[in-house]
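As stored in run-v1.cif (mmCIF, C-alpha atoms):
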data_target
loop_
_atom_site.group_PDB
_atom_site.id
_atom_site.type_symbol
_atom_site.label_atom_id
_atom_site.label_comp_id
_atom_site.auth_asym_id
_atom_site.auth_seq_id
_atom_site.Cartn_x
_atom_site.Cartn_y
_atom_site.Cartn_z
ATOM 1 C CA MET A 1 160.893 -45.101 -66.167
ATOM 2 C CA LEU A 2 159.065 -43.393 -63.353
ATOM 3 C CA HIS A 3 156.221 -42.652 -65.733
ATOM 4 C CA SER A 4 155.963 -46.335 -66.689
ATOM 5 C CA ARG A 5 155.944 -47.442 -63.046
ATOM 6 C CA CYS A 6 153.229 -44.924 -62.247
ATOM 7 C CA SER A 7 151.153 -46.078 -65.221
ATOM 8 C CA ILE A 8 151.490 -49.687 -64.116
ATOM 9 C CA ALA A 9 150.511 -48.777 -60.542
ATOM 10 C CA ILE A 10 147.542 -46.738 -61.678
ATOM 11 C CA GLY A 11 146.434 -49.478 -64.034
ATOM 12 C CA PHE A 12 146.761 -52.078 -61.285
ATOM 13 C CA SER A 13 144.748 -49.933 -58.863
ATOM 14 C CA THR A 14 142.075 -49.362 -61.513
ATOM 15 C CA ASN A 15 141.802 -53.074 -62.179
ATOM 16 C CA MET A 16 141.480 -53.801 -58.439
ATOM 17 C CA ALA A 17 138.782 -51.181 -58.111
ATOM 18 C CA ALA A 18 136.948 -52.565 -61.120
ATOM 19 C CA ASN A 19 137.141 -56.110 -59.727
ATOM 20 C CA LYS A 20 135.772 -54.944 -56.385
ATOM 21 C CA MET A 21 132.959 -53.096 -58.132
ATOM 22 C CA ASN A 22 132.106 -56.183 -60.200
ATOM 23 C CA LYS A 23 132.017 -58.341 -57.078
ATOM 24 C CA LEU A 24 129.820 -55.776 -55.327
ATOM 25 C CA ASN A 25 127.441 -55.641 -58.300
ATOM 26 C CA ARG A 26 127.257 -59.446 -58.444
ATOM 27 C CA HIS A 27 126.527 -59.559 -54.717
ATOM 28 C CA ARG A 28 123.792 -56.959 -55.073
ATOM 29 C CA HIS A 29 122.350 -58.833 -58.060
ATOM 30 C CA HIS A 30 122.288 -62.139 -56.161
ATOM 31 C CA ARG A 31 120.677 -60.460 -53.176
ATOM 32 C CA HIS A 32 118.040 -58.865 -55.447
ATOM 33 C CA VAL A 33 117.321 -62.221 -57.092
ATOM 34 C CA LYS A 34 116.920 -63.882 -53.690
ATOM 35 C CA ARG A 35 114.481 -61.201 -52.594
ATOM 36 C CA LEU A 36 112.531 -61.521 -55.836
ATOM 37 C CA LEU A 37 112.334 -65.302 -55.470
ATOM 38 C CA ALA A 38 111.130 -64.908 -51.882
ATOM 39 C CA VAL A 39 108.401 -62.480 -52.996
ATOM 40 C CA LEU A 40 107.326 -64.819 -55.793
ATOM 41 C CA ALA A 41 107.205 -67.720 -53.364
ATOM 42 C CA MET A 42 105.003 -65.725 -51.001
ATOM 43 C CA ALA A 43 102.761 -64.691 -53.910
ATOM 44 C CA GLY A 44 102.459 -68.316 -54.963
ATOM 45 C CA ALA A 45 101.474 -69.293 -51.442
ATOM 46 C CA CYS A 46 98.821 -66.566 -51.431
ATOM 47 C CA VAL A 47 97.332 -67.742 -54.724
ATOM 48 C CA ILE A 48 97.148 -71.297 -53.449
ATOM 49 C CA ALA A 49 95.440 -70.109 -50.295
ATOM 50 C CA LEU A 50 92.764 -68.088 -52.111
ATOM 51 C CA PRO A 51 90.124 -70.848 -52.592
ATOM 52 C CA GLY A 52 89.869 -71.349 -48.847
ATOM 53 C CA GLN A 53 89.541 -67.683 -48.002
ATOM 54 C CA ALA A 54 86.460 -65.675 -47.187
ATOM 55 C CA SER A 55 85.487 -62.035 -47.578
ATOM 56 C CA GLU A 56 84.113 -60.093 -44.634
ATOM 57 C CA VAL A 57 81.906 -57.085 -43.997
ATOM 58 C CA ALA A 58 80.438 -55.898 -40.687
ATOM 59 C CA GLY A 59 82.022 -58.887 -38.953
ATOM 60 C CA VAL A 60 80.253 -61.391 -41.234
ATOM 61 C CA ALA A 61 82.404 -63.625 -43.447
ATOM 62 C CA LEU A 62 81.148 -65.093 -46.723
ATOM 63 C CA ASP A 63 82.959 -67.771 -48.691
ATOM 64 C CA ASP A 64 84.732 -66.527 -51.800
ATOM 65 C CA ALA A 65 83.571 -69.609 -53.733
ATOM 66 C CA VAL A 66 80.536 -71.913 -53.457
ATOM 67 C CA ALA A 67 78.685 -74.418 -55.640
ATOM 68 C CA VAL A 68 75.001 -74.387 -56.601
ATOM 69 C CA ALA A 69 73.499 -77.369 -58.432
ATOM 70 C CA GLY A 70 77.026 -78.645 -58.968
ATOM 71 C CA GLN A 71 78.191 -75.432 -60.644
ATOM 72 C CA PRO A 72 81.073 -73.486 -59.063
ATOM 73 C CA LEU A 73 80.317 -69.841 -58.333
ATOM 74 C CA VAL A 74 82.472 -66.930 -57.215
ATOM 75 C CA LEU A 75 81.593 -64.097 -54.865
ATOM 76 C CA ASN A 76 80.952 -61.147 -57.164
ATOM 77 C CA GLY A 77 80.526 -58.708 -54.278
ATOM 78 C CA LEU A 78 79.066 -58.245 -50.814
ATOM 79 C CA GLY A 79 77.817 -55.417 -48.667
ATOM 80 C CA LEU A 80 75.715 -54.325 -45.723
ATOM 81 C CA ARG A 81 72.050 -53.359 -46.029
ATOM 82 C CA SER A 82 71.206 -50.814 -43.389
ATOM 83 C CA LYS A 83 68.166 -48.671 -42.764
ATOM 84 C CA MET A 84 68.181 -45.536 -40.627
ATOM 85 C CA PHE A 85 71.650 -46.500 -39.363
ATOM 86 C CA ILE A 86 70.344 -49.925 -38.295
ATOM 87 C CA LYS A 87 72.181 -52.929 -39.696
ATOM 88 C CA VAL A 88 69.602 -55.233 -41.303
ATOM 89 C CA TYR A 89 71.565 -57.889 -43.198
ATOM 90 C CA VAL A 90 74.762 -58.652 -45.055
ATOM 91 C CA VAL A 91 74.184 -59.748 -48.641
ATOM 92 C CA GLY A 92 76.498 -61.485 -51.092
ATOM 93 C CA LEU A 93 76.027 -62.122 -54.812
ATOM 94 C CA TYR A 94 77.505 -65.285 -56.340
ATOM 95 C CA LEU A 95 77.889 -65.766 -60.104
ATOM 96 C CA PRO A 96 79.619 -68.200 -62.488
ATOM 97 C CA HIS A 97 82.161 -65.445 -63.150
ATOM 98 C CA LYS A 98 82.570 -61.840 -62.074
ATOM 99 C CA GLU A 99 80.632 -59.085 -63.795
ATOM 100 C CA THR A 100 80.294 -55.366 -63.084
ATOM 101 C CA HIS A 101 77.298 -54.385 -65.247
ATOM 102 C CA PRO A 102 73.740 -55.182 -64.116
ATOM 103 C CA SER A 103 72.550 -56.185 -67.591
ATOM 104 C CA ASP A 104 75.411 -58.669 -67.928
ATOM 105 C CA VAL A 105 74.549 -60.167 -64.543
ATOM 106 C CA LEU A 106 70.848 -60.415 -65.359
ATOM 107 C CA GLY A 107 71.531 -62.012 -68.740
ATOM 108 C CA MET A 108 74.138 -64.461 -67.474
ATOM 109 C CA PRO A 109 73.163 -68.116 -67.878
ATOM 110 C CA GLY A 110 73.767 -70.734 -65.227
ATOM 111 C CA ALA A 111 73.342 -71.017 -61.488
ATOM 112 C CA LYS A 112 73.442 -67.992 -59.182
ATOM 113 C CA ARG A 113 73.070 -67.253 -55.491
ATOM 114 C CA VAL A 114 72.041 -64.376 -53.272
ATOM 115 C CA GLN A 115 73.030 -64.981 -49.669
ATOM 116 C CA LEU A 116 71.580 -62.996 -46.786
ATOM 117 C CA VAL A 117 72.919 -63.092 -43.238
ATOM 118 C CA MET A 118 70.599 -61.346 -40.813
ATOM 119 C CA MET A 119 72.150 -58.740 -38.519
ATOM 120 C CA ARG A 120 69.047 -58.384 -36.355
ATOM 121 C CA ASN A 121 65.735 -60.122 -35.735
ATOM 122 C CA VAL A 122 63.209 -59.213 -38.430
ATOM 123 C CA GLY A 123 59.576 -60.312 -38.456
ATOM 124 C CA SER A 124 58.736 -62.507 -41.426
ATOM 125 C CA GLU A 125 55.868 -60.235 -42.497
ATOM 126 C CA LEU A 126 58.141 -57.190 -42.571
ATOM 127 C CA LEU A 127 60.803 -59.099 -44.510
ATOM 128 C CA ALA A 128 58.226 -60.392 -47.012
ATOM 129 C CA ASP A 129 56.706 -56.918 -47.448
ATOM 130 C CA ASN A 130 60.100 -55.304 -48.050
ATOM 131 C CA LEU A 131 61.168 -57.904 -50.614
ATOM 132 C CA SER A 132 57.844 -57.682 -52.457
ATOM 133 C CA LYS A 133 57.943 -53.870 -52.464
ATOM 134 C CA ALA A 134 61.529 -53.717 -53.729
ATOM 135 C CA LEU A 135 60.763 -56.279 -56.430
ATOM 136 C CA ALA A 136 57.735 -54.254 -57.623
ATOM 137 C CA GLU A 137 59.756 -51.017 -57.699
ATOM 138 C CA ASN A 138 62.266 -52.575 -60.091
ATOM 139 C CA THR A 139 59.763 -54.341 -62.360
ATOM 140 C CA SER A 140 57.419 -52.950 -64.998
ATOM 141 C CA LYS A 141 53.678 -53.185 -64.338
ATOM 142 C CA ALA A 142 53.200 -55.592 -67.237
ATOM 143 C CA GLU A 143 55.924 -57.936 -66.043
ATOM 144 C CA MET A 144 54.755 -57.618 -62.448
ATOM 145 C CA ALA A 145 51.300 -58.812 -63.528
ATOM 146 C CA ARG A 146 52.863 -61.938 -65.037
ATOM 147 C CA LEU A 147 55.043 -62.554 -61.983
ATOM 148 C CA GLN A 148 52.405 -61.803 -59.329
ATOM 149 C CA PRO A 149 51.457 -65.442 -58.534
ATOM 150 C CA ARG A 150 55.135 -66.290 -58.001
ATOM 151 C CA VAL A 151 55.702 -63.125 -55.972
ATOM 152 C CA GLU A 152 52.870 -64.266 -53.713
ATOM 153 C CA GLN A 153 54.539 -67.673 -53.495
ATOM 154 C CA LEU A 154 57.768 -65.996 -52.307
ATOM 155 C CA ARG A 155 55.781 -63.912 -49.835
ATOM 156 C CA SER A 156 54.044 -66.993 -48.400
ATOM 157 C CA LEU A 157 57.363 -68.782 -48.200
ATOM 158 C CA MET A 158 58.939 -65.921 -46.224
ATOM 159 C CA MET A 159 55.889 -65.637 -43.986
ATOM 160 C CA SER A 160 56.296 -69.293 -43.049
ATOM 161 C CA LEU A 161 59.603 -68.468 -41.335
ATOM 162 C CA GLY A 162 57.842 -66.760 -38.441
ATOM 163 C CA GLU A 163 60.902 -64.601 -37.832
ATOM 164 C CA ALA A 164 64.255 -64.171 -39.513
ATOM 165 C CA ARG A 165 66.537 -64.217 -36.498
ATOM 166 C CA LYS A 166 69.900 -62.530 -36.096
ATOM 167 C CA GLY A 167 72.603 -64.755 -37.578
ATOM 168 C CA SER A 168 70.187 -66.684 -39.805
ATOM 169 C CA LYS A 169 71.541 -67.507 -43.259
ATOM 170 C CA ILE A 170 69.030 -67.231 -46.104
ATOM 171 C CA LEU A 171 70.065 -68.597 -49.507
ATOM 172 C CA LEU A 172 68.157 -67.618 -52.643
ATOM 173 C CA ASP A 173 69.587 -69.984 -55.246
ATOM 174 C CA PHE A 174 68.795 -70.157 -58.919
ATOM 175 C CA GLN A 175 69.075 -73.709 -60.217
ATOM 176 C CA PRO A 176 68.795 -74.001 -64.014
ATOM 177 C CA GLY A 177 65.772 -76.063 -65.008
ATOM 178 C CA VAL A 178 64.384 -75.843 -61.477
ATOM 179 C CA GLY A 179 64.006 -72.193 -60.521
ATOM 180 C CA THR A 180 64.472 -70.325 -57.252
ATOM 181 C CA HIS A 181 65.337 -72.606 -54.354
ATOM 182 C CA VAL A 182 65.182 -71.059 -50.869
ATOM 183 C CA THR A 183 67.154 -72.390 -47.920
ATOM 184 C CA VAL A 184 67.213 -71.053 -44.365
ATOM 185 C CA ASP A 185 70.007 -72.247 -42.099
ATOM 186 C CA GLY A 186 70.512 -75.340 -44.228
ATOM 187 C CA GLN A 187 66.841 -76.288 -44.443
ATOM 188 C CA ALA A 188 64.838 -76.029 -47.684
ATOM 189 C CA VAL A 189 61.758 -73.833 -47.299
ATOM 190 C CA GLY A 190 58.604 -74.269 -49.398
ATOM 191 C CA ASN A 191 58.437 -75.275 -53.037
ATOM 192 C CA ASP A 192 60.845 -74.056 -55.692
ATOM 193 C CA ILE A 193 59.637 -71.015 -57.626
ATOM 194 C CA PRO A 194 59.902 -71.663 -61.381
ATOM 195 C CA GLY A 195 61.254 -69.384 -64.084
ATOM 196 C CA ASP A 196 64.515 -67.588 -64.756
ATOM 197 C CA ASP A 197 62.407 -64.441 -65.333
ATOM 198 C CA PHE A 198 61.411 -64.535 -61.674
ATOM 199 C CA TYR A 199 65.003 -64.829 -60.508
ATOM 200 C CA ARG A 200 66.013 -61.892 -62.705
ATOM 201 C CA ALA A 201 63.289 -59.843 -61.028
ATOM 202 C CA LEU A 202 64.576 -61.009 -57.659
ATOM 203 C CA LEU A 203 68.124 -59.908 -58.520
ATOM 204 C CA ARG A 204 66.869 -56.450 -59.466
ATOM 205 C CA ILE A 205 65.962 -55.914 -55.795
ATOM 206 C CA TRP A 206 69.698 -55.361 -55.248
ATOM 207 C CA ILE A 207 71.119 -54.416 -58.675
ATOM 208 C CA GLY A 208 68.141 -52.805 -60.447
ATOM 209 C CA ASP A 209 67.651 -49.153 -61.374
ATOM 210 C CA GLU A 210 65.471 -48.324 -58.355
ATOM 211 C CA VAL A 211 67.388 -50.023 -55.574
ATOM 212 C CA ALA A 212 67.066 -48.868 -51.980
ATOM 213 C CA SER A 213 70.854 -48.507 -51.637
ATOM 214 C CA LYS A 214 73.070 -47.518 -54.565
ATOM 215 C CA PRO A 215 76.287 -47.955 -52.554
ATOM 216 C CA LEU A 216 75.194 -51.533 -51.822
ATOM 217 C CA ARG A 217 74.491 -52.135 -55.509
ATOM 218 C CA ALA A 218 77.989 -50.919 -56.354
ATOM 219 C CA GLN A 219 79.488 -53.262 -53.766
ATOM 220 C CA LEU A 220 77.610 -56.272 -55.135
ATOM 221 C CA LEU A 221 78.840 -55.411 -58.629
ATOM 222 C CA GLY A 222 82.406 -55.039 -57.403
ATOM 223 C CA LEU A 223 82.437 -51.306 -58.187
ATOM 224 C CA PRO A 224 83.605 -48.294 -56.129
ATOM 225 C CA PRO A 225 80.811 -46.879 -53.941
ATOM 226 C CA THR A 226 78.631 -44.297 -55.737
#

Can you dump the structure from the file as structure tokens?
Amino acid sequence: MLHSRCSIAIGFSTNMAANKMNKLNRHRHHRHVKRLLAVLAMAGACVIALPGQASEVAGVALDDAVAVAGQPLVLNGLGLRSKMFIKVYVVGLYLPHKETHPSDVLGMPGAKRVQLVMMRNVGSELLADNLSKALAENTSKAEMARLQPRVEQLRSLMMSLGEARKGSKILLDFQPGVGTHVTVDGQAVGNDIPGDDFYRALLRIWIGDEVASKPLRAQLLGLPPT
């Protein structure tokens, strides 16, 4: 009889313990679910907020998305061009979609944009000389001979600025069927430069094989610094 009573008591205690454990597990599960839902809600809010965000380097913010000739573009990468520890400009590369290989970028159809934001005052002659030199260093002699008249057009266009002042925003847009369209602080400068071959040569200034800054090239391609 005593054995039966003890068995009943032990069984009752075991059932109570099991019930408590089940309740505790359910409570923990509900709490975990609530936390998960809260995290998902925050993630959803972040995704919704992304289109209005901007990326920043050296205190300069560039929009994560823009439109050129009615085509939406995304910021592929951005970085700081410096020379002898002097900050020259921040540059951003905009493409129809993100790419990490230079050949894929150069062969990509559609609109594109290179945006420069000056970090110091630079004389227009110096800026024109540097762009022309970098373009020549990343272009074969035969192609350079074909592009030379348009390179001179870009040089004349840059020379017309007088000076690229600190904070100035220079946009080098490729518009399909039009060519390279240059804007400085919201104002169109000079005539459009025709040819997608010219814009490819222009892009190679920053993502070609003989770039002045390989870490900057990696940043524009969305790659780890080399």

Counting only C-alpha atoms, write as a list in words all protein and nucleic acid residues lying at most 8 Å from (66.2, -59.3, -49.4) in the file's frame. Leu116, Leu127, Asn130, Leu131, Ile205 and Trp206 of chain A

Could you please determine the separation between atom CA of Gln148 of chain A and atom CA of Ala134 of chain A in Å, to one decimal place?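 Result for atom CA of Gln148 of chain A versus atom CA of Ala134 of chain A: 13.4 Å, one decimal.
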
Can you list, as number ranges by chain, the residues that the PyMOL selection byres ((chain A and resi 62) around 12) selects here? A: 52-61, 63-66, 74-79, 90-94, 114-117, 169, 171

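For the file at hand, the PyMOL selection byres ((chain A and resi 185-198) around 8) resolves to Leu147, Arg150, Gln153, Leu154, Leu157, Ser168, Lys169, Ile170, Phe174, Pro176, Val178, Gly179, Thr180, His181, Val182, Thr183, Val184, Tyr199, Arg200, Ala201 and Leu202 of chain A.
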
I'd like to know which of A:Met108, A:Ala128, A:Ile86, A:Ala164 is closest to Glu152 of chain A, using only C-alpha atoms.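 For Glu152 of chain A, the nearest of the given residues is A:Ala128.
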
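When atom CA of Arg155 of chain A is paired with atom CA of Ala69 of chain A, their separation reads 23.9 Å.
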
Which residues, written as an mmCIF file with C-alpha atoms, keeping the file's coordinate frame, have at least one atom at most 7 Å from segment 98-105 of chain A, with all atoms listed in the file counted and residues fewer than 2 positions away on the same chain left out?
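Below is the file that was written, selection-v1.cif:
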data_model
loop_
_atom_site.group_PDB
_atom_site.id
_atom_site.type_symbol
_atom_site.label_atom_id
_atom_site.label_comp_id
_atom_site.auth_asym_id
_atom_site.auth_seq_id
_atom_site.Cartn_x
_atom_site.Cartn_y
_atom_site.Cartn_z
ATOM 1 C CA ASN A 76 80.952 -61.147 -57.164
ATOM 2 C CA LEU A 95 77.889 -65.766 -60.104
ATOM 3 C CA GLY A 107 71.531 -62.012 -68.740
ATOM 4 C CA MET A 108 74.138 -64.461 -67.474
ATOM 5 C CA ILE A 207 71.119 -54.416 -58.675
ATOM 6 C CA LEU A 221 78.840 -55.411 -58.629
ATOM 7 C CA GLY A 222 82.406 -55.039 -57.403
ATOM 8 C CA LEU A 223 82.437 -51.306 -58.187
#

Which is closer to Ala136 of chain A than all the others in A:Leu216, A:Val151, A:Ala111, A:Val68, using only C-alpha atoms?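 Looking only at the distances to Ala136 of chain A, the closest residue turns out to be A:Val151.
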
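Separating atom CA of Lys87 of chain A from atom CA of Asn121 of chain A is a distance of 10.4 Å.
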
I'd like to know which of A:Gln175, A:Met144, A:Lys133, A:Met159 is closest to Glu210 of chain A, using all atoms listed in the file. A:Lys133

If you take every atom of segment 128-141 of chain A that the file lists and fit an axis-aligned box around them with 6 Å extra on each side, what centre and edge lengths come out in Å to one decimal, as lines of an AutoDock Vina configuration file?
center_x = 58.0
center_y = -55.7
center_z = -56.0
size_x = 20.6
size_y = 21.4
size_z = 30.0

Within 6 Å of file point (72.0, -57.8, -38.2), counting only C-alpha atoms, expressed as a list of chain:residue names: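 With a cut-off of 6 Å, the residues come to A:Lys87, A:Val88, A:Tyr89, A:Met118, A:Met119, A:Arg120, A:Lys166.
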